[in-house]
file data25.txt (compact mmCIF, C-alpha atoms (C1' of nucleotides))
# COMPACT_ATOMS: atom_id res chain seq x y z
CA MET A 5 -149.39 43.89 -40.60
CA ASP A 6 -151.24 43.02 -43.75
CA ARG A 7 -149.99 39.75 -45.18
CA ASP A 8 -150.47 40.63 -48.83
CA GLU A 9 -148.86 43.97 -48.36
CA ALA A 10 -145.89 42.34 -46.71
CA ARG A 11 -145.57 39.86 -49.54
CA ASP A 12 -145.71 42.72 -52.03
CA ILE A 13 -142.91 44.52 -50.28
CA LEU A 14 -140.72 41.44 -50.30
CA PHE A 15 -141.66 40.66 -53.89
CA ASN A 16 -140.88 44.14 -55.14
CA PHE A 17 -137.63 44.26 -53.25
CA ILE A 18 -136.65 40.96 -54.84
CA LYS A 19 -137.60 42.09 -58.35
CA GLU A 20 -135.71 45.32 -57.94
CA LYS A 21 -132.54 43.54 -56.99
CA SER A 22 -132.93 40.75 -59.57
CA LEU A 23 -133.22 38.20 -56.84
CA ARG A 24 -135.54 35.21 -56.94
CA TYR A 25 -138.79 34.53 -55.18
CA THR A 26 -138.37 31.05 -53.79
CA ARG A 27 -140.62 28.63 -51.98
CA GLN A 28 -138.37 29.07 -48.93
CA ARG A 29 -138.73 32.85 -48.90
CA GLU A 30 -142.50 32.64 -49.08
CA GLU A 31 -142.57 30.06 -46.33
CA ILE A 32 -140.20 32.00 -44.08
CA LEU A 33 -142.10 35.24 -44.57
CA GLN A 34 -145.47 33.69 -43.76
CA THR A 35 -144.14 31.88 -40.74
CA PHE A 36 -142.39 34.99 -39.52
CA LEU A 37 -145.62 36.97 -39.79
CA SER A 38 -147.58 34.30 -37.93
CA ALA A 39 -144.98 33.80 -35.24
CA GLY A 40 -144.77 35.78 -32.06
CA ARG A 41 -142.91 39.01 -32.04
CA HIS A 42 -139.24 39.17 -31.03
CA ILE A 43 -138.36 35.79 -32.42
CA THR A 44 -134.85 34.38 -32.76
CA VAL A 45 -133.46 32.62 -35.82
CA GLU A 46 -133.43 29.40 -33.86
CA GLU A 47 -137.05 29.74 -32.78
CA LEU A 48 -138.23 30.46 -36.29
CA TYR A 49 -136.14 27.59 -37.60
CA ASN A 50 -137.79 25.23 -35.13
CA VAL A 51 -141.29 26.30 -36.14
CA LEU A 52 -140.39 25.68 -39.77
CA ARG A 53 -138.89 22.31 -38.93
CA LYS A 54 -142.10 21.20 -37.26
CA LYS A 55 -143.93 22.09 -40.43
CA ASN A 56 -141.61 19.76 -42.34
CA THR A 57 -140.62 22.44 -44.76
CA GLY A 58 -137.08 21.11 -44.98
CA ILE A 59 -135.66 24.60 -44.76
CA GLY A 60 -132.14 24.82 -43.36
CA TYR A 61 -130.94 27.00 -40.53
CA ALA A 62 -128.67 29.04 -42.77
CA THR A 63 -131.55 29.83 -45.08
CA VAL A 64 -133.69 31.07 -42.21
CA HIS A 65 -130.83 33.22 -41.00
CA ARG A 66 -130.09 34.64 -44.44
CA ASN A 67 -133.69 35.46 -45.14
CA LEU A 68 -134.39 37.16 -41.84
CA LYS A 69 -131.51 39.43 -42.76
CA LEU A 70 -133.20 39.95 -46.12
CA MET A 71 -136.49 40.84 -44.44
CA LYS A 72 -134.57 43.38 -42.46
CA GLU A 73 -133.02 44.82 -45.59
CA CYS A 74 -136.38 45.36 -47.19
CA GLY A 75 -137.86 46.87 -44.05
CA LEU A 76 -140.13 44.03 -43.00
CA ALA A 77 -138.12 43.14 -39.94
CA ASP A 78 -136.06 44.85 -37.29
CA GLU A 79 -133.20 43.36 -35.39
CA MET A 80 -132.89 43.71 -31.65
CA LYS A 81 -130.63 42.34 -28.98
CA ILE A 82 -131.59 42.01 -25.36
CA GLY A 83 -128.72 41.69 -22.94
CA SER A 84 -126.44 38.90 -24.04
CA ASP A 85 -129.19 36.89 -25.66
CA LYS A 86 -129.38 35.96 -29.28
CA THR A 87 -130.48 38.47 -31.83
CA ARG A 88 -134.24 38.75 -32.13
CA PHE A 89 -136.27 39.84 -35.10
CA GLU A 90 -139.53 41.70 -34.86
CA GLN A 91 -142.02 42.71 -37.50
CA ALA A 92 -141.27 46.20 -38.67
CA TYR A 93 -143.62 47.08 -41.47
CA GLY A 94 -146.61 49.14 -40.43
CA GLN A 95 -145.29 49.28 -36.91
CA ARG A 96 -144.49 52.61 -35.45
CA HIS A 97 -141.39 53.07 -33.43
CA HIS A 98 -141.62 51.81 -29.90
CA ASP A 99 -139.53 51.12 -26.83
CA HIS A 100 -139.34 47.98 -24.76
CA LEU A 101 -140.02 47.04 -21.17
CA ILE A 102 -138.15 43.82 -20.52
CA CYS A 103 -138.99 41.56 -17.61
CA MET A 104 -135.78 40.15 -16.20
CA LYS A 105 -137.62 37.26 -14.59
CA CYS A 106 -139.89 35.81 -17.28
CA GLY A 107 -138.37 37.45 -20.32
CA ARG A 108 -141.61 39.07 -21.41
CA ILE A 109 -141.17 42.06 -23.67
CA ILE A 110 -143.75 44.83 -23.54
CA GLU A 111 -143.84 47.39 -26.31
CA VAL A 112 -144.50 50.94 -25.25
CA ASN A 113 -144.42 54.42 -26.63
CA ASP A 114 -144.19 57.91 -25.22
CA ASP A 115 -144.16 60.93 -27.48
CA ARG A 116 -142.78 63.20 -24.81
CA ILE A 117 -139.78 60.96 -24.34
CA GLU A 118 -139.27 60.86 -28.09
CA ARG A 119 -139.28 64.64 -28.29
CA LEU A 120 -136.94 65.03 -25.35
CA GLN A 121 -134.54 62.61 -26.95
CA ASP A 122 -134.39 64.72 -30.06
CA LYS A 123 -133.75 67.79 -27.93
CA LEU A 124 -131.05 65.98 -26.01
CA ALA A 125 -129.31 65.10 -29.25
CA GLU A 126 -129.66 68.64 -30.58
CA VAL A 127 -128.14 70.19 -27.48
CA ASN A 128 -125.12 67.95 -28.01
CA ASN A 129 -124.71 68.83 -31.67
CA PHE A 130 -125.71 65.34 -32.55
CA PHE A 131 -127.89 64.19 -35.46
CA PRO A 132 -130.10 61.38 -34.24
CA LEU A 133 -131.05 58.71 -36.75
CA LYS A 134 -132.55 56.08 -34.52
CA HIS A 135 -132.59 55.18 -30.89
CA LYS A 136 -133.18 52.39 -28.51
CA LEU A 137 -134.78 52.62 -25.11
CA GLU A 138 -135.01 49.54 -22.99
CA ILE A 139 -136.28 49.46 -19.43
CA TYR A 140 -135.34 46.35 -17.46
CA GLY A 141 -137.23 45.25 -14.39
CA SER A 142 -140.09 42.96 -13.49
CA CYS A 143 -143.56 42.79 -14.97
CA LYS A 144 -146.86 42.66 -13.15
CA LYS A 145 -146.93 38.87 -12.92
CA CYS A 146 -143.37 38.51 -11.72
CA ARG A 147 -143.38 41.42 -9.36
CA MET B 11 -112.90 58.57 -10.10
CA ASP B 12 -110.42 58.63 -7.27
CA ARG B 13 -107.73 56.05 -7.76
CA ASP B 14 -107.18 55.22 -4.11
CA GLU B 15 -110.87 54.99 -3.49
CA ALA B 16 -111.20 52.60 -6.38
CA ARG B 17 -108.38 50.45 -5.08
CA ASP B 18 -110.03 50.41 -1.67
CA ILE B 19 -113.28 49.21 -3.15
CA LEU B 20 -111.56 46.40 -5.01
CA PHE B 21 -109.43 45.54 -2.00
CA ASN B 22 -112.37 45.37 0.38
CA PHE B 23 -114.40 43.35 -2.06
CA ILE B 24 -111.53 40.90 -2.35
CA LYS B 25 -111.05 40.64 1.41
CA GLU B 26 -114.73 40.10 1.95
CA LYS B 27 -114.83 37.21 -0.44
CA SER B 28 -111.54 35.70 0.69
CA LEU B 29 -110.02 36.32 -2.69
CA ARG B 30 -106.46 37.45 -3.29
CA TYR B 31 -105.03 40.77 -4.24
CA THR B 32 -102.65 39.95 -7.06
CA ARG B 33 -100.15 41.93 -9.08
CA GLN B 34 -102.38 41.34 -12.10
CA ARG B 35 -105.46 42.77 -10.43
CA GLU B 36 -103.63 45.90 -9.37
CA GLU B 37 -102.21 46.33 -12.85
CA ILE B 38 -105.54 45.73 -14.57
CA LEU B 39 -107.37 48.12 -12.27
CA GLN B 40 -104.85 50.92 -12.76
CA THR B 41 -104.74 50.47 -16.50
CA PHE B 42 -108.51 50.33 -16.67
CA LEU B 43 -108.75 53.60 -14.74
CA SER B 44 -106.21 55.27 -17.01
CA ALA B 45 -107.67 53.95 -20.21
CA GLY B 46 -110.39 55.63 -22.18
CA ARG B 47 -113.96 54.96 -21.28
CA HIS B 48 -115.94 52.23 -23.06
CA ILE B 49 -112.99 49.94 -23.53
CA THR B 50 -113.17 46.36 -24.75
CA VAL B 51 -111.33 43.41 -23.21
CA GLU B 52 -109.16 43.24 -26.29
CA GLU B 53 -108.25 46.92 -26.15
CA LEU B 54 -107.33 46.73 -22.49
CA TYR B 55 -105.37 43.55 -23.13
CA ASN B 56 -103.39 45.29 -25.86
CA VAL B 57 -102.52 48.22 -23.61
CA LEU B 58 -101.30 45.80 -20.97
CA ARG B 59 -99.31 43.86 -23.53
CA LYS B 60 -97.49 46.98 -24.62
CA LYS B 61 -96.55 47.55 -21.01
CA ASN B 62 -94.99 44.08 -20.98
CA THR B 63 -96.96 43.04 -17.97
CA GLY B 64 -97.29 39.49 -19.26
CA ILE B 65 -100.92 39.37 -18.33
CA GLY B 66 -103.03 36.95 -20.36
CA TYR B 67 -106.25 37.67 -22.17
CA ALA B 68 -108.29 35.40 -19.95
CA THR B 69 -107.05 37.20 -16.88
CA VAL B 70 -108.05 40.57 -18.28
CA HIS B 71 -111.46 39.21 -19.15
CA ARG B 72 -111.98 37.60 -15.76
CA ASN B 73 -110.95 40.67 -13.87
CA LEU B 74 -113.07 43.10 -15.80
CA LYS B 75 -115.96 40.87 -14.80
CA LEU B 76 -114.71 41.14 -11.23
CA MET B 77 -114.57 44.93 -11.46
CA LYS B 78 -118.14 44.80 -12.59
CA GLU B 79 -119.11 42.60 -9.66
CA CYS B 80 -117.68 45.03 -7.17
CA GLY B 81 -119.27 48.01 -8.86
CA LEU B 82 -116.18 49.57 -10.38
CA ALA B 83 -117.19 48.80 -13.95
CA ASP B 84 -120.29 48.59 -16.04
CA GLU B 85 -120.79 46.44 -19.07
CA MET B 86 -122.32 47.77 -22.25
CA LYS B 87 -122.86 46.50 -25.75
CA ILE B 88 -123.17 48.75 -28.76
CA GLY B 89 -124.80 47.19 -31.78
CA SER B 90 -123.10 43.92 -32.60
CA ASP B 91 -119.74 45.02 -31.32
CA LYS B 92 -117.84 43.44 -28.50
CA THR B 93 -118.80 44.12 -24.94
CA ARG B 94 -117.36 47.33 -23.59
CA PHE B 95 -116.56 48.21 -20.01
CA GLU B 96 -116.86 51.67 -18.57
CA GLN B 97 -115.89 53.06 -15.21
CA ALA B 98 -118.85 52.92 -12.91
CA TYR B 99 -117.78 54.09 -9.50
CA GLY B 100 -118.64 57.71 -8.75
CA GLN B 101 -120.38 57.98 -12.09
CA ARG B 102 -124.03 58.81 -12.14
CA HIS B 103 -126.33 57.07 -14.54
CA HIS B 104 -126.13 58.38 -18.06
CA ASP B 105 -127.29 57.65 -21.57
CA HIS B 106 -125.23 57.39 -24.74
CA LEU B 107 -125.14 59.20 -28.05
CA ILE B 108 -123.33 56.91 -30.45
CA CYS B 109 -121.84 58.19 -33.70
CA MET B 110 -122.37 55.58 -36.38
CA LYS B 111 -119.54 56.98 -38.47
CA CYS B 112 -116.59 57.41 -36.11
CA GLY B 113 -117.79 55.34 -33.21
CA ARG B 114 -117.52 58.16 -30.72
CA ILE B 115 -119.65 57.72 -27.65
CA ILE B 116 -120.99 60.79 -25.89
CA GLU B 117 -122.39 60.49 -22.41
CA VAL B 118 -125.45 62.53 -21.65
CA ASN B 119 -128.10 62.91 -19.05
CA ASP B 120 -131.61 64.29 -18.89
CA ASP B 121 -133.61 64.22 -15.68
CA ARG B 122 -136.89 64.79 -17.44
CA ILE B 123 -136.37 61.72 -19.59
CA GLU B 124 -135.46 59.71 -16.52
CA ARG B 125 -138.65 60.74 -14.79
CA LEU B 126 -140.80 60.05 -17.83
CA GLN B 127 -139.29 56.62 -18.11
CA ASP B 128 -140.33 55.80 -14.58
CA LYS B 129 -143.82 57.03 -15.32
CA LEU B 130 -143.93 54.96 -18.49
CA ALA B 131 -143.02 51.87 -16.53
CA GLU B 132 -145.55 52.64 -13.83
CA VAL B 133 -148.39 53.07 -16.30
CA ASN B 134 -147.59 49.60 -17.61
CA ASN B 135 -147.52 47.98 -14.19
CA PHE B 136 -143.84 47.46 -14.56
CA PHE B 137 -141.12 47.78 -11.92
CA PRO B 138 -138.10 49.39 -13.50
CA LEU B 139 -134.70 48.42 -12.16
CA LYS B 140 -132.41 49.87 -14.77
CA HIS B 141 -132.61 51.14 -18.28
CA LYS B 142 -130.60 51.81 -21.33
CA LEU B 143 -131.06 54.67 -23.75
CA GLU B 144 -128.89 54.85 -26.81
CA ILE B 145 -129.28 57.39 -29.57
CA TYR B 146 -127.55 56.48 -32.82
CA GLY B 147 -126.65 59.05 -35.43
CA SER B 148 -123.72 61.22 -36.37
CA CYS B 149 -121.69 63.56 -34.23
CA LYS B 150 -120.68 67.13 -34.96
CA LYS B 151 -117.44 66.18 -36.71
CA CYS B 152 -118.98 63.50 -38.87
CA ARG B 153 -122.13 65.33 -39.72
C1' DT C 10 -91.75 28.50 6.59
C1' DT C 11 -95.34 25.78 5.35
C1' DA C 12 -99.92 24.36 4.03
C1' DT C 13 -103.84 25.80 1.78
C1' DT C 14 -106.08 27.25 -1.99
C1' DA C 15 -107.18 31.19 -5.19
C1' DT C 16 -105.20 32.78 -9.47
C1' DT C 17 -102.96 32.73 -13.59
C1' DG C 18 -102.03 31.84 -18.50
C1' DA C 19 -102.39 28.84 -22.18
C1' DT C 20 -105.54 26.44 -24.42
C1' DA C 21 -109.80 24.22 -25.46
C1' DA C 22 -114.87 24.45 -25.43
C1' DT C 23 -119.05 26.81 -26.52
C1' DA C 24 -122.13 29.34 -29.08
C1' DA C 25 -123.87 32.68 -32.33
C1' DT C 26 -123.25 34.32 -36.72
C1' DA C 27 -121.40 34.38 -41.23
C1' DA C 28 -118.93 32.29 -45.24
C1' DT C 29 -118.22 28.40 -48.56
C1' DC C 30 -119.59 25.58 -52.27
C1' DA C 31 -121.60 21.92 -55.07
C1' DA C 32 -126.23 20.79 -56.26
C1' DT C 33 -130.56 22.70 -57.33
C1' DA C 34 -134.18 25.91 -58.61
C1' DT C 35 -135.74 30.20 -60.63
C1' DT C 36 -135.93 33.41 -64.19
C1' DA C 37 -135.54 35.55 -68.72
C1' DG C 38 -135.07 34.84 -73.39
C1' DT C 39 -135.91 32.08 -77.29
C1' DA D 21 -141.70 24.49 -73.23
C1' DC D 22 -136.68 24.50 -73.47
C1' DT D 23 -132.34 26.31 -72.42
C1' DA D 24 -128.78 29.16 -70.54
C1' DA D 25 -127.52 31.99 -66.92
C1' DT D 26 -127.17 32.56 -62.33
C1' DA D 27 -129.33 33.18 -57.65
C1' DT D 28 -130.46 30.14 -53.83
C1' DT D 29 -130.32 26.39 -50.97
C1' DG D 30 -128.64 23.25 -47.31
C1' DA D 31 -124.91 21.10 -45.22
C1' DT D 32 -120.86 22.17 -43.52
C1' DT D 33 -117.03 24.81 -42.14
C1' DA D 34 -114.97 29.20 -40.57
C1' DT D 35 -114.97 33.03 -37.61
C1' DT D 36 -115.41 35.47 -33.51
C1' DA D 37 -116.47 36.61 -28.76
C1' DT D 38 -116.93 34.69 -24.54
C1' DT D 39 -116.37 31.22 -21.12
C1' DA D 40 -114.47 26.88 -19.06
C1' DT D 41 -110.52 23.80 -17.99
C1' DC D 42 -106.45 22.66 -15.59
C1' DA D 43 -101.64 22.22 -14.19
C1' DA D 44 -98.35 25.42 -12.46
C1' DT D 45 -97.79 29.34 -9.63
C1' DA D 46 -98.49 32.79 -6.17
C1' DA D 47 -100.90 34.90 -2.19
C1' DT D 48 -102.43 34.31 2.40
C1' DA D 49 -102.92 32.73 7.19
C1' DA D 50 -101.10 30.09 10.80

call {"tool": "encode", "arguments": {"input": "data25.txt", "output": "structure tokens"}}
result
Amino acid sequence: MDRDEARDILFNFIKEKSLRYTRQREEILQTFLSAGRHITVEELYNVLRKKNTGIGYATVHRNLKLMKECGLADEMKIGSDKTRFEQAYGQRHHDHLICMKCGRIIEVNDDRIERLQDKLAEVNNFFPLKHKLEIYGSCKKCR
Amino acid sequence: MDRDEARDILFNFIKEKSLRYTRQREEILQTFLSAGRHITVEELYNVLRKKNTGIGYATVHRNLKLMKECGLADEMKIGSDKTRFEQAYGQRHHDHLICMKCGRIIEVNDDRIERLQDKLAEVNNFFPLKHKLEIYGSCKKCR
DNA sequence: TTATTATTGATAATAATAATCAATATTAGT
DNA sequence: ACTAATATTGATTATTATTATCAATAATAA
């Protein structure tokens, strides 16, 4: 994801809603973009704490929700873990392979599966808006 | 699912582990089997309360976990809702279409998708053990 | 019937997420 | 640059789902 483009998206979203572009929002956005994918609020908070930004947990939480609102982040939940946020802008839809041993998350995509899902919905008189496919197992290393 | 067969499974599981077959377990099992699919602990607890069985919330919770352990129930989580339990014995694997308006959950199955999922895992050097496919949208009524 | 011990039910603990609110910072208007 | 208006922050508390605790009770085997 392009950093400037991401900042623009956040900035425009904020202007549109008469919100305010704060030091904390800039910091959280940049750190979120630099951080690994599928990060939790707590993890992001800890990275920011190490940087001595003085940003509180609640602010991190609130602003990840904001990033989601403006389309920069997606929320996901694996099993009974905490909610994770992944970068969304400029990312095409993808599914997840989740290693139950080491926790690694592999992003994958299969057009045929996507198409069959749409068909499956159609056959059931159902209008699909989004979907979630997660395959749990063990990755190459943990086999 | 056959009621007697279900009771047998629970009974044998209990014997095997030197646990005890209590009035509460029998009551919870029967009510779980009669109740709608995809029920929460709270919902099941409320049904049992109406029946004046005097069974506590913790007991319902504990025993749904037990049903899961012995293969009679499966746990699922939709969005950020509470955990739901569905009958598992004698049910083949299936995916879910979830109406975001009325909350209805439709169970579906597609062998081609299943096979493609296995292929997808294989290509990524991943050993699949189980998977979860949820399609969110709106059902016929809510369209 | 009795001894053993698993279970129950009420309650407290835990943990993730969201709400509260006074102090502060940002923004628009002058 | 100054000011007024108000969105945001950070610390804390509230909420909610789930799990743990524990004394009293009930199920089981001998």

call {"tool": "residues_near_point", "arguments": {"input": "data25.txt", "point": "(-148.4, 45.6, -15.4)", "cutoff": "9 Å", "atoms": "only C-alpha atoms (C1' of nucleotides)", "output": "PyMOL selection string"}}
result
(chain A and resi 142-145+147) or (chain B and resi 131-137)

call {"tool": "residues_around", "arguments": {"input": "data25.txt", "residues": "stretch 12-19 of chain C", "least_positions_apart": "4", "cutoff": "7 Å", "atoms": "only C-alpha atoms (C1' of nucleotides)", "output": "PyMOL selection string"}}
result
chain B and resi 29-30+66+69

call {"tool": "interface_residues", "arguments": {"input": "data25.txt", "of": "chain A", "to": "chain B", "cutoff": "12 Å", "atoms": "all atoms listed in the file", "output": "MDAnalysis selection string"}}
result
chainID A and resid 79:87 99:105 108:147

call {"tool": "atom_distance", "arguments": {"input": "data25.txt", "atom1": "atom CA of B:Arg35", "atom2": "atom CA of B:Arg13"}}
result
13.7 Å

call {"tool": "residues_around", "arguments": {"input": "data25.txt", "residues": "D:DT35", "least_positions_apart": "6", "cutoff": "12 Å", "atoms": "all atoms listed in the file", "output": "list of chain:residue names"}}
result
C:DA24, C:DA25, C:DT26, C:DA27, C:DA28

call {"tool": "residues_around", "arguments": {"input": "data25.txt", "residues": "C:DA32", "least_positions_apart": "4", "cutoff": "12 Å", "atoms": "only C-alpha atoms (C1' of nucleotides)", "output": "ChimeraX atom specification"}}
result
/D:28-31

call {"tool": "interface_residues", "arguments": {"input": "data25.txt", "of": "chain D", "to": "chain B", "cutoff": "8 Å", "atoms": "only C-alpha atoms (C1' of nucleotides)", "output": "mmCIF file with C-alpha atoms (C1' of nucleotides), keeping the file's coordinate frame"}}
result
data_model
loop_
_atom_site.group_PDB
_atom_site.id
_atom_site.type_symbol
_atom_site.label_atom_id
_atom_site.label_comp_id
_atom_site.auth_asym_id
_atom_site.auth_seq_id
_atom_site.Cartn_x
_atom_site.Cartn_y
_atom_site.Cartn_z
ATOM 1 C "C1'" DA D 37 -116.470 36.610 -28.760
ATOM 2 C "C1'" DA D 47 -100.900 34.900 -2.190
ATOM 3 C "C1'" DT D 48 -102.430 34.310 2.400
#

call {"tool": "residues_around", "arguments": {"input": "data25.txt", "residues": "stretch 67-74 of chain A", "least_positions_apart": "3", "cutoff": "9 Å", "atoms": "only C-alpha atoms (C1' of nucleotides)", "output": "ChimeraX atom specification"}}
result
/A:13-14,17-18,28-29,32-33,36,45,62-64,77-79,89,91-92

call {"tool": "atom_distance", "arguments": {"input": "data25.txt", "atom1": "atom CA of A:Asp6", "atom2": "atom CA of A:Arg53"}}
result
24.6 Å

call {"tool": "atom_distance", "arguments": {"input": "data25.txt", "atom1": "atom CA of B:Val57", "atom2": "atom C1' of D:DA43"}}
result
27.7 Å

call {"tool": "residues_around", "arguments": {"input": "data25.txt", "residues": "D:DA40", "least_positions_apart": "5", "cutoff": "9 Å", "atoms": "all atoms listed in the file", "output": "list in words"}}
result
DA21, DA22 and DT23 of chain C

call {"tool": "closest_residue", "arguments": {"input": "data25.txt", "among": "C:DT20, C:DT39, C:DA34, C:DT29", "to": "chain A", "atoms": "all atoms listed in the file"}}
result
C:DA34

call {"tool": "decode", "arguments": {"input": "data25.txt", "residues": "stretch 114-138 of chain B", "atoms": "N, CA and C atoms", "output": "mmCIF file, in the first residue's frame"}}
result
data_model
loop_
_atom_site.group_PDB
_atom_site.id
_atom_site.type_symbol
_atom_site.label_atom_id
_atom_site.label_comp_id
_atom_site.auth_asym_id
_atom_site.auth_seq_id
_atom_site.Cartn_x
_atom_site.Cartn_y
_atom_site.Cartn_z
ATOM 1 N N ARG B 114 -30.756 -14.804 10.046
ATOM 2 C CA ARG B 114 -31.003 -16.194 9.665
ATOM 3 C C ARG B 114 -29.722 -16.847 9.169
ATOM 4 N N ILE B 115 -29.555 -18.090 9.513
ATOM 5 C CA ILE B 115 -28.383 -18.837 9.094
ATOM 6 C C ILE B 115 -28.828 -20.020 8.244
ATOM 7 N N ILE B 116 -28.361 -20.052 7.014
ATOM 8 C CA ILE B 116 -28.720 -21.134 6.105
ATOM 9 C C ILE B 116 -27.511 -22.043 5.939
ATOM 10 N N GLU B 117 -27.756 -23.331 6.084
ATOM 11 C CA GLU B 117 -26.659 -24.276 5.935
ATOM 12 C C GLU B 117 -26.597 -24.779 4.501
ATOM 13 N N VAL B 118 -25.415 -24.766 3.950
ATOM 14 C CA VAL B 118 -25.268 -25.189 2.559
ATOM 15 C C VAL B 118 -24.042 -26.086 2.399
ATOM 16 N N ASN B 119 -23.962 -26.665 1.245
ATOM 17 C CA ASN B 119 -22.824 -27.526 0.979
ATOM 18 C C ASN B 119 -22.520 -27.552 -0.501
ATOM 19 N N ASP B 120 -21.238 -27.590 -0.821
ATOM 20 C CA ASP B 120 -20.832 -27.657 -2.221
ATOM 21 C C ASP B 120 -19.534 -28.462 -2.314
ATOM 22 N N ASP B 121 -19.670 -29.637 -2.904
ATOM 23 C CA ASP B 121 -18.508 -30.531 -2.983
ATOM 24 C C ASP B 121 -17.363 -29.929 -3.791
ATOM 25 N N ARG B 122 -17.719 -29.209 -4.831
ATOM 26 C CA ARG B 122 -16.655 -28.638 -5.658
ATOM 27 C C ARG B 122 -15.829 -27.643 -4.865
ATOM 28 N N ILE B 123 -16.508 -26.834 -4.063
ATOM 29 C CA ILE B 123 -15.775 -25.878 -3.229
ATOM 30 C C ILE B 123 -14.882 -26.621 -2.242
ATOM 31 N N GLU B 124 -15.421 -27.663 -1.656
ATOM 32 C CA GLU B 124 -14.635 -28.455 -0.703
ATOM 33 C C GLU B 124 -13.345 -28.952 -1.354
ATOM 34 N N ARG B 125 -13.508 -29.491 -2.561
ATOM 35 C CA ARG B 125 -12.331 -30.048 -3.238
ATOM 36 C C ARG B 125 -11.326 -28.962 -3.590
ATOM 37 N N LEU B 126 -11.836 -27.822 -4.046
ATOM 38 C CA LEU B 126 -10.935 -26.729 -4.408
ATOM 39 C C LEU B 126 -10.197 -26.186 -3.186
ATOM 40 N N GLN B 127 -10.851 -26.240 -2.070
ATOM 41 C CA GLN B 127 -10.200 -25.789 -0.846
ATOM 42 C C GLN B 127 -9.009 -26.686 -0.509
ATOM 43 N N ASP B 128 -9.219 -27.976 -0.652
ATOM 44 C CA ASP B 128 -8.115 -28.905 -0.392
ATOM 45 C C ASP B 128 -6.961 -28.655 -1.341
ATOM 46 N N LYS B 129 -7.305 -28.424 -2.594
ATOM 47 C CA LYS B 129 -6.261 -28.122 -3.583
ATOM 48 C C LYS B 129 -5.509 -26.854 -3.200
ATOM 49 N N LEU B 130 -6.268 -25.845 -2.814
ATOM 50 C CA LEU B 130 -5.693 -24.561 -2.440
ATOM 51 C C LEU B 130 -4.695 -24.729 -1.299
ATOM 52 N N ALA B 131 -5.064 -25.540 -0.348
ATOM 53 C CA ALA B 131 -4.171 -25.804 0.775
ATOM 54 C C ALA B 131 -2.914 -26.518 0.277
ATOM 55 N N GLU B 132 -3.138 -27.521 -0.521
ATOM 56 C CA GLU B 132 -2.024 -28.337 -1.022
ATOM 57 C C GLU B 132 -0.996 -27.487 -1.754
ATOM 58 N N VAL B 133 -1.487 -26.643 -2.644
ATOM 59 C CA VAL B 133 -0.606 -25.768 -3.421
ATOM 60 C C VAL B 133 0.268 -24.910 -2.507
ATOM 61 N N ASN B 134 -0.259 -24.604 -1.321
ATOM 62 C CA ASN B 134 0.481 -23.753 -0.388
ATOM 63 C C ASN B 134 1.233 -24.544 0.674
ATOM 64 N N ASN B 135 1.417 -25.835 0.391
ATOM 65 C CA ASN B 135 2.130 -26.676 1.354
ATOM 66 C C ASN B 135 1.491 -26.626 2.727
ATOM 67 N N PHE B 136 0.209 -26.694 2.721
ATOM 68 C CA PHE B 136 -0.535 -26.567 3.967
ATOM 69 C C PHE B 136 -1.409 -27.793 4.175
ATOM 70 N N PHE B 137 -1.414 -28.323 5.407
ATOM 71 C CA PHE B 137 -2.263 -29.471 5.724
ATOM 72 C C PHE B 137 -3.564 -29.012 6.330
ATOM 73 N N PRO B 138 -4.629 -29.100 5.583
ATOM 74 C CA PRO B 138 -5.915 -28.638 6.119
ATOM 75 C C PRO B 138 -6.508 -29.645 7.080
#
